[in-house]
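Below is data_36.cif, which holds mmCIF, C-alpha atoms and all ligand atoms.
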```cif
data_target
loop_
_atom_site.label_atom_id
_atom_site.label_comp_id
_atom_site.auth_asym_id
_atom_site.auth_seq_id
_atom_site.Cartn_x
_atom_site.Cartn_y
_atom_site.Cartn_z
CA MET A 112 -128.64 -56.76 -133.63
CA LEU A 113 -125.03 -57.77 -134.24
CA SER A 114 -123.85 -57.55 -137.81
CA LEU A 115 -122.52 -60.68 -139.51
CA ALA A 116 -119.05 -59.12 -139.58
CA THR A 117 -119.15 -58.57 -135.80
CA ILE A 118 -120.27 -62.16 -135.19
CA VAL A 119 -117.45 -63.49 -137.41
CA TYR A 120 -114.96 -61.24 -135.58
CA LEU A 121 -116.17 -62.40 -132.13
CA LEU A 122 -116.01 -66.06 -133.12
CA SER A 123 -112.47 -65.76 -134.43
CA ALA A 124 -111.41 -63.87 -131.27
CA LEU A 125 -112.90 -66.68 -129.17
CA ASN A 126 -110.85 -69.23 -131.12
CA LYS A 127 -107.68 -67.30 -130.42
CA MET A 128 -108.30 -67.13 -126.69
CA PRO A 129 -105.96 -69.39 -124.68
CA LYS A 130 -107.71 -72.64 -123.82
CA GLN A 131 -108.58 -72.99 -120.15
CA LEU A 132 -106.29 -75.74 -118.88
CA LYS A 133 -107.98 -78.69 -117.27
CA ILE A 134 -106.50 -79.73 -113.91
CA GLU A 135 -107.71 -82.72 -111.91
CA ALA A 136 -106.65 -83.68 -108.40
CA ILE A 137 -105.71 -87.03 -106.88
CA VAL A 138 -105.83 -87.31 -103.08
CA PRO A 139 -104.13 -90.42 -101.70
CA ALA A 140 -105.55 -91.17 -98.25
CA ALA A 141 -105.33 -94.96 -98.23
CA GLY A 142 -102.59 -95.43 -95.64
CA LEU A 143 -103.51 -97.33 -92.51
CA GLY A 144 -102.13 -94.51 -90.37
CA LEU A 145 -100.59 -96.96 -87.91
CA ARG A 146 -98.04 -94.40 -86.67
CA LEU A 147 -100.90 -92.19 -85.50
CA LYS A 148 -101.97 -94.94 -83.05
CA SER A 149 -105.59 -93.83 -83.32
CA LYS A 150 -108.67 -96.07 -83.13
CA ILE A 151 -110.37 -93.84 -85.70
CA PRO A 152 -109.02 -94.15 -89.29
CA LYS A 153 -106.60 -91.26 -89.94
CA PRO A 154 -108.62 -89.45 -92.64
CA LEU A 155 -111.57 -89.29 -90.24
CA VAL A 156 -109.69 -88.06 -87.18
CA LEU A 157 -111.13 -84.72 -86.13
CA VAL A 158 -109.01 -81.61 -85.75
CA ASN A 159 -111.21 -79.04 -84.07
CA ASP A 160 -114.43 -80.78 -85.17
CA CYS A 161 -113.47 -81.29 -88.79
CA ALA A 162 -112.03 -84.52 -90.26
CA ILE A 163 -108.47 -84.25 -91.58
CA ILE A 164 -109.45 -85.31 -95.10
CA ILE A 165 -112.41 -82.92 -95.25
CA ARG A 166 -110.16 -79.96 -94.45
CA ALA A 167 -107.84 -80.88 -97.33
CA LEU A 168 -110.68 -81.61 -99.77
CA ARG A 169 -112.52 -78.36 -98.99
CA VAL A 170 -109.48 -76.28 -99.92
CA ILE A 171 -108.77 -78.21 -103.13
CA SER A 172 -112.44 -78.15 -104.12
CA SER A 173 -112.69 -74.40 -103.59
CA HIS A 174 -109.77 -73.70 -105.93
CA PRO A 175 -111.17 -72.49 -109.27
CA ALA A 176 -108.44 -74.22 -111.32
CA ILE A 177 -109.37 -77.71 -110.12
CA SER A 178 -112.22 -79.40 -111.95
CA LYS A 179 -112.42 -82.86 -110.37
CA ILE A 180 -111.04 -84.72 -107.34
CA ILE A 181 -110.30 -88.44 -107.10
CA VAL A 182 -109.92 -89.78 -103.53
CA LEU A 183 -108.12 -93.01 -102.67
CA THR A 184 -108.91 -94.62 -99.38
CA HIS A 185 -108.27 -97.89 -97.56
CA ARG A 186 -110.86 -100.57 -98.34
CA LYS A 187 -111.68 -100.80 -94.61
CA ASN A 188 -112.70 -97.10 -94.54
CA LEU A 189 -114.19 -96.79 -98.00
CA SER A 190 -117.86 -96.49 -97.02
CA GLU A 191 -117.16 -94.21 -94.04
CA VAL A 192 -114.99 -91.87 -96.11
CA LYS A 193 -117.59 -91.80 -98.91
CA LYS A 194 -120.28 -90.98 -96.38
CA ILE A 195 -118.40 -88.10 -94.74
CA ILE A 196 -117.54 -86.60 -98.14
CA GLU A 197 -121.21 -86.75 -99.16
CA LYS A 198 -122.31 -85.30 -95.83
CA ASN A 199 -119.90 -82.37 -96.23
CA LYS A 200 -121.06 -81.82 -99.83
CA ILE A 201 -117.70 -81.47 -101.53
CA PRO A 202 -118.88 -80.97 -105.08
CA LYS A 203 -115.72 -81.73 -107.03
CA VAL A 204 -115.09 -85.18 -105.51
CA LYS A 205 -116.30 -87.36 -108.37
CA CYS A 206 -114.94 -90.70 -107.22
CA THR A 207 -113.77 -92.25 -103.97
CA VAL A 208 -112.10 -95.59 -104.59
CA LYS A 209 -109.90 -98.21 -102.95
CA GLY A 210 -106.18 -97.39 -102.82
CA GLY A 211 -103.25 -99.81 -102.95
CA LEU A 212 -100.73 -101.30 -100.57
CA THR A 213 -98.29 -98.39 -100.97
CA ARG A 214 -98.73 -94.68 -101.65
CA ARG A 215 -97.31 -95.27 -105.11
CA GLN A 216 -99.93 -97.92 -105.84
CA SER A 217 -102.71 -95.68 -104.53
CA VAL A 218 -101.71 -92.77 -106.79
CA GLN A 219 -101.32 -95.15 -109.72
CA LYS A 220 -104.90 -96.33 -109.19
CA GLY A 221 -106.03 -92.70 -109.09
CA LEU A 222 -104.30 -91.93 -112.40
CA ALA A 223 -106.59 -94.43 -114.10
CA PHE A 224 -109.61 -92.24 -113.23
CA LEU A 225 -108.33 -89.07 -114.93
CA ASP A 226 -110.33 -87.72 -117.84
CA GLU A 227 -108.77 -88.21 -121.26
CA ASP A 228 -108.58 -84.45 -121.89
CA THR A 229 -106.95 -83.46 -118.58
CA ASP A 230 -103.87 -81.27 -119.03
CA PHE A 231 -102.41 -81.31 -115.50
CA VAL A 232 -102.65 -83.47 -112.38
CA LEU A 233 -102.41 -82.15 -108.84
CA ILE A 234 -101.51 -84.76 -106.22
CA HIS A 235 -102.06 -83.91 -102.56
CA ASP A 236 -101.76 -86.16 -99.51
CA GLY A 237 -105.06 -86.47 -97.68
CA ALA A 238 -103.02 -86.29 -94.47
CA ARG A 239 -102.11 -82.59 -95.05
CA PRO A 240 -105.16 -80.64 -93.88
CA PHE A 241 -103.59 -77.15 -93.92
CA VAL A 242 -102.86 -76.75 -97.61
CA THR A 243 -104.01 -73.36 -98.89
CA LYS A 244 -105.40 -72.03 -102.15
CA GLU A 245 -102.25 -69.86 -102.45
CA ILE A 246 -99.94 -72.92 -102.27
CA ILE A 247 -102.09 -74.70 -104.86
CA SER A 248 -101.91 -71.66 -107.17
CA ARG A 249 -98.11 -71.48 -106.86
CA ALA A 250 -97.74 -75.19 -107.63
CA VAL A 251 -100.11 -74.96 -110.59
CA LEU A 252 -98.24 -71.96 -112.03
CA GLY A 253 -94.89 -73.73 -111.52
CA ALA A 254 -96.14 -76.82 -113.33
CA GLN A 255 -97.54 -74.74 -116.19
CA LYS A 256 -94.11 -73.17 -116.61
CA TYR A 257 -91.84 -76.18 -116.08
CA GLY A 258 -94.05 -79.27 -116.39
CA ALA A 259 -93.57 -80.30 -112.76
CA ALA A 260 -93.73 -78.36 -109.48
CA VAL A 261 -93.76 -79.30 -105.82
CA ALA A 262 -94.39 -77.28 -102.69
CA GLY A 263 -91.46 -77.12 -100.28
CA MET A 264 -89.83 -75.15 -97.47
CA PRO A 265 -86.16 -74.73 -96.49
CA LEU A 266 -85.25 -77.02 -93.61
CA LYS A 267 -84.73 -75.25 -90.28
CA PRO A 268 -82.84 -77.78 -88.11
CA THR A 269 -79.25 -79.00 -88.45
CA VAL A 270 -79.25 -82.23 -90.39
CA LYS A 271 -76.73 -85.05 -90.10
CA ARG A 272 -76.52 -88.43 -91.76
CA VAL A 273 -76.44 -91.01 -88.99
CA LYS A 274 -75.50 -94.67 -89.19
CA GLU A 275 -76.14 -97.50 -86.78
CA SER A 276 -73.09 -99.41 -85.61
CA LYS A 277 -73.62 -102.95 -84.42
CA SER A 278 -69.97 -103.83 -83.76
CA GLN A 279 -69.08 -105.35 -80.36
CA ARG A 280 -66.81 -102.44 -79.46
CA VAL A 281 -69.12 -99.56 -80.34
CA LYS A 282 -72.88 -100.02 -80.43
CA GLY A 283 -75.41 -97.30 -81.20
CA TYR A 284 -75.90 -94.46 -83.66
CA PHE A 285 -73.01 -92.32 -84.92
CA VAL A 286 -72.76 -89.23 -87.09
CA GLU A 287 -71.46 -89.92 -90.57
CA LYS A 288 -71.79 -86.47 -92.09
CA THR A 289 -73.27 -83.04 -91.46
CA LEU A 290 -75.30 -81.91 -94.45
CA ASP A 291 -75.34 -78.33 -95.68
CA ARG A 292 -78.88 -77.33 -94.76
CA ARG A 293 -78.82 -74.30 -97.04
CA ASN A 294 -79.51 -76.73 -99.90
CA ILE A 295 -81.97 -78.95 -98.10
CA TRP A 296 -85.68 -78.43 -98.35
CA GLU A 297 -88.57 -80.34 -96.89
CA ILE A 298 -90.78 -81.35 -99.78
CA GLN A 299 -94.54 -81.31 -99.29
CA THR A 300 -97.62 -81.80 -101.38
CA PRO A 301 -99.35 -80.48 -103.49
CA GLN A 302 -97.23 -81.67 -106.40
CA VAL A 303 -98.48 -80.75 -109.87
CA PHE A 304 -97.46 -82.31 -113.18
CA LYS A 305 -98.31 -82.23 -116.85
CA LYS A 306 -100.50 -85.29 -117.25
CA ASP A 307 -98.36 -86.96 -119.92
CA LEU A 308 -95.23 -86.46 -117.82
CA ILE A 309 -96.60 -88.05 -114.65
CA LEU A 310 -98.14 -90.92 -116.65
CA GLU A 311 -94.77 -91.56 -118.29
CA ALA A 312 -92.97 -91.42 -114.93
CA TYR A 313 -95.34 -93.94 -113.36
CA ARG A 314 -95.11 -96.21 -116.42
CA ARG A 315 -91.33 -96.18 -116.84
CA ILE A 316 -89.87 -95.85 -113.33
CA LYS A 317 -90.50 -99.01 -111.36
CA ASP A 318 -88.63 -97.96 -108.19
CA LYS A 319 -90.75 -99.01 -105.22
CA THR A 320 -88.98 -96.78 -102.69
CA ALA A 321 -90.64 -93.58 -103.94
CA THR A 322 -92.33 -91.64 -101.13
CA ASP A 323 -93.54 -88.88 -103.42
CA ASP A 324 -94.46 -88.43 -107.07
CA ALA A 325 -91.73 -85.96 -108.02
CA TYR A 326 -89.11 -88.64 -107.30
CA LEU A 327 -90.32 -90.60 -110.33
CA VAL A 328 -90.16 -87.50 -112.54
CA GLU A 329 -86.63 -86.77 -111.25
CA LYS A 330 -85.66 -90.34 -112.18
CA LEU A 331 -86.78 -89.60 -115.75
CA GLY A 332 -84.16 -86.86 -115.72
CA ARG A 333 -86.75 -84.06 -115.88
CA LYS A 334 -86.68 -80.76 -113.99
CA VAL A 335 -88.95 -80.36 -110.99
CA SER A 336 -89.56 -76.81 -109.84
CA VAL A 337 -89.96 -76.07 -106.11
CA VAL A 338 -92.46 -73.41 -105.05
CA GLU A 339 -93.11 -71.97 -101.62
CA GLY A 340 -95.21 -74.25 -99.42
CA SER A 341 -95.81 -73.42 -95.76
CA TYR A 342 -94.46 -74.50 -92.39
CA PHE A 343 -98.14 -74.93 -91.44
CA ASN A 344 -98.69 -77.43 -94.27
CA ILE A 345 -97.81 -80.35 -92.00
CA LYS A 346 -98.49 -84.02 -92.65
CA ILE A 347 -100.35 -85.70 -89.82
CA THR A 348 -98.29 -88.81 -89.13
CA THR A 349 -97.73 -89.34 -85.39
CA PRO A 350 -99.81 -88.32 -82.32
CA GLU A 351 -97.62 -85.21 -81.77
CA ASP A 352 -98.78 -83.89 -85.12
CA LEU A 353 -102.33 -83.65 -83.79
CA VAL A 354 -101.05 -81.36 -81.03
CA PHE A 355 -99.34 -79.19 -83.66
CA ALA A 356 -102.54 -79.22 -85.74
CA GLU A 357 -104.64 -77.89 -82.84
CA ALA A 358 -101.99 -75.22 -82.21
CA ILE A 359 -102.00 -74.19 -85.87
CA LEU A 360 -105.77 -73.75 -85.78
CA LYS A 361 -105.58 -71.80 -82.55
CA VAL A 362 -102.96 -69.39 -83.90
CA SER A 363 -104.87 -69.00 -87.16
CA LYS A 364 -108.00 -67.95 -85.21
CA CYS A 365 -106.23 -65.58 -82.80
CA GLN A 366 -104.01 -63.80 -85.30
CA SER A 367 -105.99 -64.25 -88.51
CA VAL A 368 -103.13 -66.31 -89.94
CA LYS A 369 -104.53 -68.00 -93.03
CA VAL A 370 -103.70 -71.70 -92.94
CA SER A 371 -106.41 -73.02 -95.21
O1 LIG A 401 -97.14 -92.95 -95.44
P1 LIG A 401 -97.07 -91.51 -95.79
O2 LIG A 401 -97.18 -90.64 -94.60
O3 LIG A 401 -95.96 -91.14 -96.69
O4 LIG A 401 -98.42 -91.26 -96.61
C1 LIG A 401 -98.65 -90.09 -97.34
C2 LIG A 401 -100.06 -90.14 -97.91
O5 LIG A 401 -100.19 -91.28 -98.75
C3 LIG A 401 -101.13 -90.25 -96.82
O6 LIG A 401 -102.18 -89.35 -97.13
C4 LIG A 401 -101.56 -91.70 -96.91
O7 LIG A 401 -102.91 -91.93 -96.55
C5 LIG A 401 -101.34 -92.01 -98.39
N1 LIG A 401 -101.16 -93.44 -98.65
C6 LIG A 401 -102.00 -94.07 -99.58
N2 LIG A 401 -101.89 -95.43 -99.77
C7 LIG A 401 -101.01 -96.15 -99.07
C8 LIG A 401 -100.13 -95.53 -98.15
C9 LIG A 401 -100.23 -94.15 -97.96
O8 LIG A 401 -102.83 -93.42 -100.21
N3 LIG A 401 -100.97 -97.46 -99.26
#
```
Please render this file's structure as structure tokens.
Ligand code: C5P
Amino acid sequence: MLSLATIVYLLSALNKMPKQLKIEAIVPAAGLGLRLKSKIPKPLVLVNDCAIIIRALRVISSHPAISKIIVLTHRKNLSEVKKIIEKNKIPKVKCTVKGGLTRRQSVQKGLAFLDEDTDFVLIHDGARPFVTKEIISRAVLGAQKYGAAVAGMPLKPTVKRVKESKSQRVKGYFVEKTLDRRNIWEIQTPQVFKKDLILEAYRRIKDKTATDDAYLVEKLGRKVSVVEGSYFNIKITTPEDLVFAEAILKVSKCQSVKVS
């Protein structure tokens, strides 16, 4: 039998314990995927017998810090995507709903499904099947420290700004400037934010050119931390990316490289 004093002590210790932060995930997968030129909707395209979106959702769902996943999909694929998620039994996907006309609109719709008491939001493109639990952990830790964190990798190629000339004398594309690649990183998802920060960014910044969520937070003038992503964490966009995806899976099997 515990004494009353012990019970009082244990209860007060419990109160002092840091509260487990609640993190929910939004997975935008509502693009039409036209650049992939596939008859099958992009989220359902198989890479080595597993749909692209299922690979991404399995990793997010298996991460202990994530409590719920909201999936956005194109209205044309809604029932098929719902079905495949159910079939694969991904427990943390609590709602699969219609996205919007742009990525921004899709994420904005997802934000409306967050629980009131969520502390952080992880946003991950459904078109990136090779995210890993380690990348998610780094992004979550970065966001807990700085409020906003994105996964990224230093760019490997030489990068130049190129402009099209349409003058009669010289037609074509010409180099305007060579950029210093030491400061240029490719930014990926996951991107993780304090919930209030990302809600404020979406409410206040109306810029429609945003291709990721961090851009809106940057526009608020807030710091966005960059954590290590992976060169394997590719976004499936064009048919070549499917070739790279198969190669990534092959190398991960042969050399026990962990890609997801
Ligand atoms: O078009 P982009 O490659 O930048 O798309 C990144 C992610 O955003 C993809 O997973 C895509 O399905 C999603 N998206 C969306 N709603 C749109 C357009 C894109 O959820 N209207």
Inset, instruction - Choose the residue, out of A:Asp318, A:Glu245, A:Asp323, A:Asp291, that has the smallest atom-to-atom separation from ligand LIG 401 (chain A); count only C-alpha atoms and all ligand atoms. - result: A:Asp323
Inset, instruction - Would you mind reading off the distance between CA of Leu310 in chain A and CA of Ile134 in chain A, one decimal, in Å? - result: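 Rounded to one decimal, the two atoms are 14.2 Å apart.
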Legend entry - Pick from A:Thr320, A:Thr348, A:Thr289, A:Ser173 nearest to ligand LIG 401 (chain A), counting all atoms listed in the file: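 Checking each of A:Thr320, A:Thr348, A:Thr289, A:Ser173 against ligand LIG 401 (chain A), counting all atoms listed in the file, the winner is A:Thr348.
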Legend entry - Nearest candidate to ligand LIG 401 (chain A) (options A:Lys267, A:Lys277, A:Lys153, A:Lys317; using all atoms listed in the file): A:Lys153
Quick one: residues within 12 Å of Leu290 in chain A, all atoms listed in the file, excluding same-chain residues fewer than 6 positions away - as a PDB file with C-alpha atoms, in the coordinates of the input?
```pdb
ATOM      1  CA  LEU A 266     -85.250 -77.020 -93.610  1.00  0.00           C
ATOM      2  CA  PRO A 268     -82.840 -77.780 -88.110  1.00  0.00           C
ATOM      3  CA  THR A 269     -79.250 -79.000 -88.450  1.00  0.00           C
ATOM      4  CA  VAL A 270     -79.250 -82.230 -90.390  1.00  0.00           C
ATOM      5  CA  LYS A 271     -76.730 -85.050 -90.100  1.00  0.00           C
ATOM      6  CA  ARG A 272     -76.520 -88.430 -91.760  1.00  0.00           C
ATOM      7  CA  VAL A 273     -76.440 -91.010 -88.990  1.00  0.00           C
ATOM      8  CA  TRP A 296     -85.680 -78.430 -98.350  1.00  0.00           C
TER       9      TRP A 296
END
```
